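Student: As input, take final.csv (CSV, N, CA and C atoms):
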chain,number,residue,atom,x,y,z
I,1,MET,N,37.6,25.1,45.4
I,1,MET,CA,38.6,24.5,46.2
I,1,MET,C,39.8,25.5,46.4
I,2,SER,N,40.4,25.4,47.5
I,2,SER,CA,41.5,26.3,47.8
I,2,SER,C,42.8,25.8,47.1
I,3,THR,N,43.8,26.6,46.9
I,3,THR,CA,45.0,26.3,46.3
I,3,THR,C,45.7,25.1,47.1
I,4,LEU,N,45.6,25.2,48.4
I,4,LEU,CA,46.3,24.1,49.2
I,4,LEU,C,45.6,22.8,48.9
I,5,GLN,N,44.2,22.8,48.9
I,5,GLN,CA,43.5,21.6,48.6
I,5,GLN,C,43.9,21.0,47.2
I,6,ASN,N,44.0,21.9,46.2
I,6,ASN,CA,44.4,21.5,44.9
I,6,ASN,C,45.8,20.9,44.9
I,7,GLU,N,46.7,21.5,45.6
I,7,GLU,CA,48.0,21.0,45.7
I,7,GLU,C,48.1,19.6,46.3
I,8,ILE,N,47.3,19.4,47.4
I,8,ILE,CA,47.3,18.1,48.0
I,8,ILE,C,46.7,17.1,47.1
I,9,LEU,N,45.6,17.4,46.4
I,9,LEU,CA,45.0,16.5,45.4
I,9,LEU,C,45.9,16.2,44.3
I,10,LEU,N,46.6,17.1,43.8
I,10,LEU,CA,47.6,16.9,42.7
I,10,LEU,C,48.7,15.9,43.2
I,11,GLU,N,49.2,16.2,44.4
I,11,GLU,CA,50.3,15.3,45.0
I,11,GLU,C,49.8,13.9,45.2
I,12,ASN,N,48.5,13.7,45.6
I,12,ASN,CA,48.0,12.4,45.8
I,12,ASN,C,47.8,11.7,44.5
I,13,ILE,N,47.3,12.4,43.5
I,13,ILE,CA,47.1,11.8,42.2
I,13,ILE,C,48.5,11.4,41.6
I,14,TYR,N,49.5,12.3,41.7
I,14,TYR,CA,50.8,12.0,41.2
I,14,TYR,C,51.4,10.8,41.9
I,15,GLU,N,51.3,10.7,43.2
I,15,GLU,CA,51.9,9.5,43.9
I,15,GLU,C,51.3,8.2,43.4
I,16,ASP,N,49.9,8.2,43.2
I,16,ASP,CA,49.3,7.0,42.7
I,16,ASP,C,49.7,6.6,41.3
I,17,VAL,N,49.7,7.6,40.5
I,17,VAL,CA,50.1,7.4,39.1
I,17,VAL,C,51.6,7.0,39.0
I,18,PHE,N,52.5,7.7,39.7
I,18,PHE,CA,53.9,7.3,39.6
I,18,PHE,C,54.1,5.9,40.1
I,19,SER,N,53.5,5.5,41.2
I,19,SER,CA,53.6,4.2,41.7
I,19,SER,C,53.2,3.1,40.7
I,20,GLU,N,52.0,3.4,40.1
I,20,GLU,CA,51.5,2.4,39.1
I,20,GLU,C,52.5,2.3,37.9
I,21,LEU,N,52.9,3.4,37.4
I,21,LEU,CA,53.8,3.4,36.3
I,21,LEU,C,55.2,2.8,36.6
I,22,TYR,N,55.7,3.1,37.8
I,22,TYR,CA,57.0,2.6,38.2
I,22,TYR,C,56.9,1.1,38.3
I,23,ASP,N,55.9,0.6,39.0
I,23,ASP,CA,55.7,-0.8,39.1
I,23,ASP,C,55.7,-1.6,37.8
I,24,LYS,N,55.1,-0.9,36.8
I,24,LYS,CA,54.9,-1.6,35.5
I,24,LYS,C,56.1,-1.4,34.6
I,25,PHE,N,56.8,-0.2,34.7
I,25,PHE,CA,57.7,0.1,33.6
I,25,PHE,C,59.2,0.4,34.1
I,26,ALA,N,59.5,0.2,35.4
I,26,ALA,CA,60.8,0.5,35.9
I,26,ALA,C,61.9,-0.2,35.2
I,27,ALA,N,61.6,-1.4,34.7
I,27,ALA,CA,62.7,-2.2,34.0
I,27,ALA,C,62.9,-1.7,32.6
I,28,CYS,N,62.0,-0.9,32.1
I,28,CYS,CA,62.0,-0.5,30.6
I,28,CYS,C,62.4,1.0,30.4
I,29,PHE,N,62.1,1.8,31.4
I,29,PHE,CA,62.3,3.3,31.3
I,29,PHE,C,63.1,3.9,32.4
I,30,GLU,N,63.8,5.0,32.2
I,30,GLU,CA,64.5,5.7,33.2
I,30,GLU,C,63.4,6.3,34.1
I,31,THR,N,63.8,6.5,35.4
I,31,THR,CA,62.9,7.1,36.4
I,31,THR,C,62.5,8.5,35.9
I,32,SER,N,63.3,9.3,35.3
I,32,SER,CA,62.9,10.6,34.8
I,32,SER,C,61.8,10.6,33.7
I,33,GLU,N,61.9,9.5,32.9
I,33,GLU,CA,60.8,9.4,31.9
I,33,GLU,C,59.5,9.0,32.5
I,34,ILE,N,59.6,8.1,33.5
I,34,ILE,CA,58.4,7.8,34.3
I,34,ILE,C,57.8,9.0,35.0
I,35,GLU,N,58.7,9.8,35.6
I,35,GLU,CA,58.2,11.0,36.3
I,35,GLU,C,57.5,11.9,35.3
I,36,ALA,N,58.1,12.1,34.2
I,36,ALA,CA,57.5,13.0,33.2
I,36,ALA,C,56.1,12.5,32.7
I,37,LEU,N,56.0,11.3,32.5
I,37,LEU,CA,54.7,10.7,32.1
I,37,LEU,C,53.7,10.8,33.2
I,38,ALA,N,54.1,10.5,34.4
I,38,ALA,CA,53.3,10.6,35.6
I,38,ALA,C,52.8,12.0,35.8
I,39,GLU,N,53.6,13.0,35.5
I,39,GLU,CA,53.2,14.4,35.7
I,39,GLU,C,52.1,14.7,34.6
I,40,LYS,N,52.3,14.3,33.4
I,40,LYS,CA,51.3,14.5,32.3
I,40,LYS,C,50.0,13.9,32.7
I,41,ILE,N,50.0,12.6,33.1
I,41,ILE,CA,48.8,11.9,33.4
I,41,ILE,C,48.1,12.5,34.6
I,42,THR,N,48.9,13.0,35.6
I,42,THR,CA,48.3,13.7,36.8
I,42,THR,C,47.5,14.9,36.4
I,43,TYR,N,48.1,15.7,35.5
I,43,TYR,CA,47.3,16.9,35.1
I,43,TYR,C,46.1,16.6,34.3
I,44,GLU,N,46.2,15.6,33.5
I,44,GLU,CA,45.0,15.1,32.8
I,44,GLU,C,43.9,14.7,33.7
I,45,ARG,N,44.3,13.8,34.7
I,45,ARG,CA,43.3,13.3,35.6
I,45,ARG,C,42.7,14.5,36.5
I,46,PHE,N,43.6,15.4,36.9
I,46,PHE,CA,43.1,16.6,37.7
I,46,PHE,C,42.1,17.4,36.9
I,47,GLU,N,42.4,17.6,35.6
I,47,GLU,CA,41.5,18.4,34.8
I,47,GLU,C,40.2,17.6,34.6
I,48,ASP,N,40.2,16.3,34.4
I,48,ASP,CA,39.0,15.5,34.3
I,48,ASP,C,38.2,15.6,35.5
I,49,LEU,N,38.8,15.5,36.7
I,49,LEU,CA,38.2,15.6,37.9
I,49,LEU,C,37.5,17.0,38.1
I,50,ALA,N,38.2,18.0,37.8
I,50,ALA,CA,37.7,19.4,37.9
I,50,ALA,C,36.5,19.6,37.0
I,51,GLN,N,36.5,19.0,35.8
I,51,GLN,CA,35.4,19.1,34.8
I,51,GLN,C,34.2,18.3,35.4
I,52,TRP,N,34.5,17.1,35.9
I,52,TRP,CA,33.4,16.3,36.5
I,52,TRP,C,32.7,17.1,37.7
I,53,ALA,N,33.5,17.7,38.5
I,53,ALA,CA,33.0,18.4,39.7
I,53,ALA,C,32.2,19.6,39.2
I,54,LYS,N,32.7,20.3,38.2
I,54,LYS,CA,32.0,21.5,37.7
I,54,LYS,C,30.6,21.1,37.1
I,55,GLU,N,30.6,20.0,36.4
I,55,GLU,CA,29.3,19.5,35.8
I,55,GLU,C,28.3,19.1,36.9
I,56,ASN,N,28.8,18.4,37.9
I,56,ASN,CA,28.0,17.9,38.9
I,56,ASN,C,27.5,18.9,39.9
I,57,VAL,N,28.3,19.9,40.1
I,57,VAL,CA,27.8,21.1,40.9
I,57,VAL,C,26.7,21.8,40.2
I,58,SER,N,26.9,22.0,38.9
I,58,SER,CA,25.9,22.7,38.1
I,58,SER,C,24.6,22.0,38.1
I,59,SER,N,24.7,20.6,37.9
I,59,SER,CA,23.4,19.9,37.9
I,59,SER,C,22.8,19.9,39.3
I,60,LEU,N,23.5,19.9,40.4
I,60,LEU,CA,23.0,19.9,41.7
I,60,LEU,C,22.3,21.3,41.9
I,61,ASN,N,22.9,22.4,41.5
I,61,ASN,CA,22.3,23.7,41.6
I,61,ASN,C,21.1,23.8,40.8
I,62,ALA,N,21.0,23.2,39.6
I,62,ALA,CA,19.8,23.2,38.8
I,62,ALA,C,18.7,22.4,39.5
I,63,SER,N,19.0,21.3,40.1
I,63,SER,CA,18.0,20.5,40.7
I,63,SER,C,17.5,21.2,42.0
I,64,SER,N,18.3,21.9,42.7
I,64,SER,CA,17.8,22.5,43.9
I,64,SER,C,16.9,23.7,43.6
I,65,LYS,N,16.9,24.2,42.4
I,65,LYS,CA,16.1,25.4,42.0
I,65,LYS,C,14.7,24.9,41.7
I,66,LEU,N,14.5,23.6,41.5
I,66,LEU,CA,13.2,23.1,41.1
I,66,LEU,C,12.2,23.1,42.2
Could you show the structure in this file as structure tokens?
Tutor:
Amino acid sequence: MSTLQNEILLENIYEDVFSELYDKFAACFETSEIEALAEKITYERFEDLAQWAKENVSSLNASSKL
């Protein structure tokens, strides 16, 4: 994936995570704390997605060689 695609994907994940966290925890935490947690979760989800993609592309390549 290109850098631009990765950036767009990260932004989309962040927006989803932040919205979910803000809706649940705005009354309990400062916005900056929610932003920091959303950033951490975003990178974890992005890494999980990248790992999933890597594994699935590898299995597709192996299957196509059969």
Student: To one decimal place in Å, what is the distance between atom C of Glu39 in chain I and atom C of Ser58 in chain I?
Tutor: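 Between atom C of Glu39 in chain I and atom C of Ser58 in chain I the gap is 28.7 Å.
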Student: Ranking I:Ile13, I:Ile8, I:Ala27, I:Thr3 by minimum distance to Leu49 in chain I and counting only C-alpha atoms, which one comes first?
Tutor: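 Among I:Ile13, I:Ile8, I:Ala27, I:Thr3, it is I:Ile13 that comes nearest to Leu49 in chain I.
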Student: Show which residues sit within 6.5 Å of Ala38 in chain I, as a ChimeraX atom specification. Count all atoms listed in the file, and ignore same-chain residues fewer than 4 positions away.
Tutor: /I:14,17-18,33-34,42-43
